[in-house]
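**Student:** Structure provided below as C-alpha coordinates; questions to follow.
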Amino acid sequence: MRRRIDRAMAGGCALGILLLAGLSGCGPATGGRLLADARVLRAIRAHYDAHAREGEACGEPFMTRIRSGRITGDAAFAAPARALIVYEWEAPPATAGGPRCKGEGQRTFSILRGPDGPIVTAMSGPTR
(Lines give C-alpha, C1' and ligand atoms only; values in the text may rest on other atoms or scores of the structure.)
Protein backbone atom coordinates (compact mmCIF):
# COMPACT_ATOMS: atom_id res chain seq x y z
CA MET A 1 0.00 0.00 0.00
CA ARG A 2 2.78 2.43 0.94
CA ARG A 3 4.52 1.72 -2.37
CA ARG A 4 1.32 2.71 -4.29
CA ILE A 5 1.06 5.99 -2.39
CA ASP A 6 4.75 6.76 -3.03
CA ARG A 7 4.28 6.08 -6.77
CA ALA A 8 1.16 8.27 -6.90
CA MET A 9 2.99 11.13 -5.17
CA ALA A 10 6.00 10.76 -7.47
CA GLY A 11 3.70 10.76 -10.51
CA GLY A 12 1.95 13.90 -9.27
CA CYS A 13 5.27 15.66 -8.74
CA ALA A 14 6.51 14.64 -12.18
CA LEU A 15 3.30 15.93 -13.78
CA GLY A 16 3.69 19.25 -11.97
CA ILE A 17 7.28 19.60 -13.17
CA LEU A 18 6.21 18.82 -16.77
CA LEU A 19 3.40 21.39 -16.61
CA LEU A 20 5.76 24.06 -15.28
CA ALA A 21 8.35 23.23 -17.94
CA GLY A 22 5.71 23.37 -20.66
CA LEU A 23 4.41 26.76 -19.54
CA SER A 24 7.75 28.46 -19.01
CA GLY A 25 10.10 30.02 -21.52
CA CYS A 26 9.90 30.52 -25.25
CA GLY A 27 11.54 27.29 -26.37
CA PRO A 28 10.06 24.92 -28.92
CA ALA A 29 6.71 23.27 -28.32
CA THR A 30 7.65 19.70 -27.56
CA GLY A 31 6.44 16.17 -26.95
CA GLY A 32 2.90 14.96 -26.36
CA ARG A 33 1.94 18.29 -24.72
CA LEU A 34 2.05 19.88 -28.17
CA LEU A 35 -1.18 18.31 -29.41
CA ALA A 36 -2.86 18.38 -26.00
CA ASP A 37 -2.63 22.19 -26.01
CA ALA A 38 -5.84 23.79 -27.35
CA ARG A 39 -3.83 26.89 -28.33
CA VAL A 40 -1.64 24.78 -30.62
CA LEU A 41 -4.69 23.25 -32.31
CA ARG A 42 -6.22 26.74 -32.77
CA ALA A 43 -2.95 27.98 -34.31
CA ILE A 44 -2.88 25.00 -36.71
CA ARG A 45 -6.51 25.61 -37.73
CA ALA A 46 -5.99 29.36 -38.19
CA HIS A 47 -2.88 28.81 -40.33
CA TYR A 48 -4.62 26.21 -42.48
CA ASP A 49 -7.74 28.37 -42.90
CA ALA A 50 -5.62 31.37 -43.96
CA HIS A 51 -3.22 29.59 -46.34
CA ALA A 52 -4.41 26.17 -47.55
CA ARG A 53 -5.70 25.19 -50.96
CA GLU A 54 -7.59 21.95 -51.67
CA GLY A 55 -8.58 20.94 -55.19
CA GLU A 56 -8.77 23.10 -58.31
CA ALA A 57 -12.56 23.53 -58.24
CA CYS A 58 -12.64 24.60 -54.58
CA GLY A 59 -12.52 28.06 -53.05
CA GLU A 60 -10.79 28.85 -49.76
CA PRO A 61 -10.97 25.74 -47.53
CA PHE A 62 -11.38 25.65 -43.77
CA MET A 63 -10.77 22.84 -41.30
CA THR A 64 -13.99 21.39 -39.93
CA ARG A 65 -12.39 18.77 -37.68
CA ILE A 66 -8.96 17.56 -36.62
CA ARG A 67 -9.28 13.78 -36.54
CA SER A 68 -5.83 12.93 -35.19
CA GLY A 69 -2.31 14.19 -34.83
CA ARG A 70 1.10 13.02 -33.82
CA ILE A 71 4.54 14.51 -33.36
CA THR A 72 6.82 13.56 -36.25
CA GLY A 73 9.84 15.58 -35.20
CA ASP A 74 10.86 17.46 -32.11
CA ALA A 75 13.69 19.97 -31.91
CA ALA A 76 15.85 20.45 -28.85
CA PHE A 77 16.51 24.17 -29.27
CA ALA A 78 15.18 26.87 -31.62
CA ALA A 79 13.99 24.76 -34.54
CA PRO A 80 10.24 24.10 -34.78
CA ALA A 81 8.54 20.90 -33.70
CA ARG A 82 6.66 19.07 -36.47
CA ALA A 83 3.17 17.62 -36.14
CA LEU A 84 1.35 15.41 -38.64
CA ILE A 85 -2.36 16.28 -38.58
CA VAL A 86 -5.21 14.30 -40.17
CA TYR A 87 -8.19 16.57 -40.74
CA GLU A 88 -11.50 17.09 -42.51
CA TRP A 89 -12.18 20.22 -44.57
CA GLU A 90 -14.88 22.09 -46.49
CA ALA A 91 -14.72 24.88 -49.04
CA PRO A 92 -17.17 26.86 -51.12
CA PRO A 93 -17.12 26.14 -54.86
CA ALA A 94 -14.62 28.17 -56.88
CA THR A 95 -17.39 29.14 -59.31
CA ALA A 96 -20.94 30.18 -58.51
CA GLY A 97 -23.41 27.30 -58.66
CA GLY A 98 -20.73 24.62 -58.34
CA PRO A 99 -20.94 21.86 -55.73
CA ARG A 100 -19.61 22.51 -52.24
CA CYS A 101 -16.21 20.90 -51.74
CA LYS A 102 -15.51 18.49 -48.84
CA GLY A 103 -12.74 16.09 -48.08
CA GLU A 104 -10.07 14.93 -45.71
CA GLY A 105 -6.35 15.39 -45.75
CA GLN A 106 -3.06 15.04 -43.99
CA ARG A 107 -0.46 17.79 -43.58
CA THR A 108 2.64 18.45 -41.53
CA PHE A 109 2.81 21.69 -39.54
CA SER A 110 5.96 23.25 -38.07
CA ILE A 111 5.29 24.91 -34.73
CA LEU A 112 7.32 27.14 -32.43
CA ARG A 113 6.35 28.28 -28.96
CA GLY A 114 6.39 32.09 -29.10
CA PRO A 115 6.22 34.54 -26.21
CA ASP A 116 2.45 34.95 -26.77
CA GLY A 117 1.66 31.32 -27.63
CA PRO A 118 2.29 28.79 -30.40
CA ILE A 119 3.27 30.00 -33.88
CA VAL A 120 2.84 27.87 -37.01
CA THR A 121 5.85 28.64 -39.21
CA ALA A 122 5.15 26.27 -42.12
CA MET A 123 2.61 23.81 -43.52
CA SER A 124 3.02 21.07 -46.11
CA GLY A 125 0.69 20.78 -49.09
CA PRO A 126 -0.78 23.24 -51.57
CA THR A 127 -1.15 26.85 -50.44
CA ARG A 128 -2.69 29.99 -51.89
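Identifiers in the C-alpha coordinates: chain A, B, ... in order shown; residue index from 1 per chain; ligand index from 1 in order shown.
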Would you pick out the contacts of Glu88 (chain A) at 9 Å or less, using only C-alpha atoms, so that residues sharing its chain but fewer than 5 positions from it are not included, and give the list as a ChimeraX atom specification?

**Tutor:** /A:62-67,102-106

**Student:** Output all heavy atoms of each residue in that selection to a file, as a PDB file, in the first residue's frame.

**Tutor:**
```pdb
ATOM      1  N   PHE A  62     -11.545  25.485 -45.212  1.00  0.00           N
ATOM      2  CA  PHE A  62     -11.375  25.650 -43.772  1.00  0.00           C
ATOM      3  C   PHE A  62     -11.491  24.281 -43.123  1.00  0.00           C
ATOM      4  O   PHE A  62     -12.184  23.400 -43.615  1.00  0.00           O
ATOM      5  CB  PHE A  62     -12.401  26.638 -43.183  1.00  0.00           C
ATOM      6  CG  PHE A  62     -13.834  26.275 -43.442  1.00  0.00           C
ATOM      7  CD1 PHE A  62     -14.556  25.530 -42.526  1.00  0.00           C
ATOM      8  CD2 PHE A  62     -14.462  26.672 -44.621  1.00  0.00           C
ATOM      9  CE1 PHE A  62     -15.875  25.193 -42.770  1.00  0.00           C
ATOM     10  CE2 PHE A  62     -15.785  26.340 -44.870  1.00  0.00           C
ATOM     11  CZ  PHE A  62     -16.495  25.600 -43.949  1.00  0.00           C
ATOM     12  N   MET A  63     -10.753  24.100 -42.034  1.00  0.00           N
ATOM     13  CA  MET A  63     -10.771  22.840 -41.299  1.00  0.00           C
ATOM     14  C   MET A  63     -12.064  22.723 -40.526  1.00  0.00           C
ATOM     15  O   MET A  63     -12.424  23.626 -39.786  1.00  0.00           O
ATOM     16  CB  MET A  63      -9.601  22.795 -40.317  1.00  0.00           C
ATOM     17  CG  MET A  63      -8.574  21.784 -40.615  1.00  0.00           C
ATOM     18  SD  MET A  63      -7.315  21.743 -39.326  1.00  0.00           S
ATOM     19  CE  MET A  63      -5.875  21.674 -40.362  1.00  0.00           C
ATOM     20  N   THR A  64     -12.767  21.617 -40.697  1.00  0.00           N
ATOM     21  CA  THR A  64     -13.986  21.393 -39.930  1.00  0.00           C
ATOM     22  C   THR A  64     -13.725  20.509 -38.721  1.00  0.00           C
ATOM     23  O   THR A  64     -14.456  20.570 -37.739  1.00  0.00           O
ATOM     24  CB  THR A  64     -15.082  20.744 -40.800  1.00  0.00           C
ATOM     25  OG1 THR A  64     -14.576  19.523 -41.351  1.00  0.00           O
ATOM     26  CG2 THR A  64     -15.513  21.682 -41.912  1.00  0.00           C
ATOM     27  N   ARG A  65     -12.677  19.684 -38.793  1.00  0.00           N
ATOM     28  CA  ARG A  65     -12.392  18.770 -37.685  1.00  0.00           C
ATOM     29  C   ARG A  65     -10.968  18.255 -37.790  1.00  0.00           C
ATOM     30  O   ARG A  65     -10.525  17.894 -38.876  1.00  0.00           O
ATOM     31  CB  ARG A  65     -13.363  17.599 -37.754  1.00  0.00           C
ATOM     32  CG  ARG A  65     -13.219  16.617 -36.635  1.00  0.00           C
ATOM     33  CD  ARG A  65     -14.304  15.549 -36.713  1.00  0.00           C
ATOM     34  NE  ARG A  65     -13.803  14.360 -36.080  1.00  0.00           N
ATOM     35  CZ  ARG A  65     -14.034  13.130 -36.475  1.00  0.00           C
ATOM     36  NH1 ARG A  65     -14.792  12.906 -37.515  1.00  0.00           N
ATOM     37  NH2 ARG A  65     -13.546  12.110 -35.830  1.00  0.00           N
ATOM     38  N   ILE A  66     -10.260  18.221 -36.676  1.00  0.00           N
ATOM     39  CA  ILE A  66      -8.958  17.556 -36.616  1.00  0.00           C
ATOM     40  C   ILE A  66      -9.224  16.157 -36.092  1.00  0.00           C
ATOM     41  O   ILE A  66      -9.703  15.991 -34.976  1.00  0.00           O
ATOM     42  CB  ILE A  66      -7.970  18.324 -35.720  1.00  0.00           C
ATOM     43  CG1 ILE A  66      -7.657  19.679 -36.341  1.00  0.00           C
ATOM     44  CG2 ILE A  66      -6.696  17.509 -35.506  1.00  0.00           C
ATOM     45  CD1 ILE A  66      -6.771  20.570 -35.492  1.00  0.00           C
ATOM     46  N   ARG A  67      -8.969  15.156 -36.929  1.00  0.00           N
ATOM     47  CA  ARG A  67      -9.275  13.777 -36.539  1.00  0.00           C
ATOM     48  C   ARG A  67      -8.181  13.166 -35.683  1.00  0.00           C
ATOM     49  O   ARG A  67      -8.449  12.382 -34.782  1.00  0.00           O
ATOM     50  CB  ARG A  67      -9.512  12.932 -37.786  1.00  0.00           C
ATOM     51  CG  ARG A  67     -10.828  13.319 -38.449  1.00  0.00           C
ATOM     52  CD  ARG A  67     -11.147  12.576 -39.710  1.00  0.00           C
ATOM     53  NE  ARG A  67     -10.796  11.187 -39.679  1.00  0.00           N
ATOM     54  CZ  ARG A  67     -10.517  10.477 -40.759  1.00  0.00           C
ATOM     55  NH1 ARG A  67     -10.539  11.028 -41.954  1.00  0.00           N
ATOM     56  NH2 ARG A  67     -10.220   9.215 -40.668  1.00  0.00           N
ATOM     57  N   LYS A 102     -15.760  19.119 -50.146  1.00  0.00           N
ATOM     58  CA  LYS A 102     -15.508  18.489 -48.840  1.00  0.00           C
ATOM     59  C   LYS A 102     -14.434  17.441 -49.034  1.00  0.00           C
ATOM     60  O   LYS A 102     -14.304  16.877 -50.110  1.00  0.00           O
ATOM     61  CB  LYS A 102     -16.763  17.781 -48.330  1.00  0.00           C
ATOM     62  CG  LYS A 102     -17.801  18.643 -47.731  1.00  0.00           C
ATOM     63  CD  LYS A 102     -18.934  17.764 -47.204  1.00  0.00           C
ATOM     64  CE  LYS A 102     -19.696  18.487 -46.153  1.00  0.00           C
ATOM     65  NZ  LYS A 102     -20.693  17.666 -45.518  1.00  0.00           N
ATOM     66  N   GLY A 103     -13.734  17.147 -47.988  1.00  0.00           N
ATOM     67  CA  GLY A 103     -12.743  16.089 -48.076  1.00  0.00           C
ATOM     68  C   GLY A 103     -12.003  15.911 -46.771  1.00  0.00           C
ATOM     69  O   GLY A 103     -12.351  16.478 -45.742  1.00  0.00           O
ATOM     70  N   GLU A 104     -10.955  15.119 -46.846  1.00  0.00           N
ATOM     71  CA  GLU A 104     -10.066  14.935 -45.706  1.00  0.00           C
ATOM     72  C   GLU A 104      -8.655  14.976 -46.221  1.00  0.00           C
ATOM     73  O   GLU A 104      -8.406  14.799 -47.411  1.00  0.00           O
ATOM     74  CB  GLU A 104     -10.362  13.638 -44.967  1.00  0.00           C
ATOM     75  CG  GLU A 104     -10.242  12.401 -45.794  1.00  0.00           C
ATOM     76  CD  GLU A 104     -10.638  11.158 -45.009  1.00  0.00           C
ATOM     77  OE1 GLU A 104     -11.726  11.141 -44.415  1.00  0.00           O
ATOM     78  OE2 GLU A 104      -9.832  10.219 -45.001  1.00  0.00           O
ATOM     79  N   GLY A 105      -7.738  15.268 -45.342  1.00  0.00           N
ATOM     80  CA  GLY A 105      -6.352  15.393 -45.752  1.00  0.00           C
ATOM     81  C   GLY A 105      -5.403  15.136 -44.608  1.00  0.00           C
ATOM     82  O   GLY A 105      -5.803  14.851 -43.479  1.00  0.00           O
ATOM     83  N   GLN A 106      -4.133  15.267 -44.948  1.00  0.00           N
ATOM     84  CA  GLN A 106      -3.059  15.044 -43.991  1.00  0.00           C
ATOM     85  C   GLN A 106      -1.956  16.034 -44.333  1.00  0.00           C
ATOM     86  O   GLN A 106      -1.540  16.118 -45.485  1.00  0.00           O
ATOM     87  CB  GLN A 106      -2.588  13.607 -44.150  1.00  0.00           C
ATOM     88  CG  GLN A 106      -1.443  13.207 -43.280  1.00  0.00           C
ATOM     89  CD  GLN A 106      -1.147  11.726 -43.440  1.00  0.00           C
ATOM     90  OE1 GLN A 106      -1.968  10.884 -43.134  1.00  0.00           O
ATOM     91  NE2 GLN A 106       0.023  11.414 -43.933  1.00  0.00           N
TER      92      GLN A 106
END
```

**Student:** Step one, run DSSP on the backbone; step two, keep only residues of region 30-118 of chain A assigned to strand (DSSP E or B); then write them as a ChimeraX atom specification.

**Tutor:** /A:52,58,62-73,81-91,93,101-114,117-118

**Student:** Counting only C-alpha atoms, which residue out of A:Cys101, A:Ile111, A:Ala52, A:Ala83 sits closest to Arg70 (chain A)?

**Tutor:** A:Ala83

**Student:** Excluding Pro92 (chain A) and any residue of its chain fewer than 5 positions from it, enumerate the residues within 7 Å of it, using only C-alpha atoms, and give them as a PyMOL selection string.

**Tutor:** chain A and resi 58-60+100-101

**Student:** What is the distance, in Å and to one decimal place, between CA of Ala43 (chain A) and CA of Ala57 (chain A)?

**Tutor:**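 Interatomic distance, CA of Ala43 (chain A) to CA of Ala57 (chain A): 26.2 Å.
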
**Student:** Restricting the calculation to only C-alpha atoms, which member of A:Ile44, A:Ala96, A:Val86, A:Ala91 is positioned closest to Gly117 (chain A)?

**Tutor:**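 Going through A:Ile44, A:Ala96, A:Val86, A:Ala91 one by one, the smallest distance to Gly117 (chain A) is for A:Ile44.
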
**Student:** In Å, with one decimal, what is the gap from CA of Arg82 (chain A) to CA of Leu112 (chain A)?

**Tutor:**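 Separation between CA of Arg82 (chain A) and CA of Leu112 (chain A): 9.1 Å.
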
**Student:** Suppose you want the space between CA of Trp89 (chain A) and CA of Gly73 (chain A); what is it in Å?

**Tutor:**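 Calculated distance between CA of Trp89 (chain A) and CA of Gly73 (chain A) is 24.4 Å.
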
**Student:** Considering only C-alpha atoms, can you say which of A:His47, A:Ala94, A:Thr72, A:Ile85 comes closest to Thr121 (chain A)?

**Tutor:**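 Looking only at the distances to Thr121 (chain A), the closest residue turns out to be A:His47.
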
**Student:** Applying 9 Å and only C-alpha atoms, which residues near Pro126 (chain A) remain after dropping the ones on its own chain fewer than 5 positions away? List them as a list in words.

**Tutor:**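 After dropping sequence-adjacent residues, the list is His51, Ala52, Arg53, Glu54 and Gly55 of chain A.
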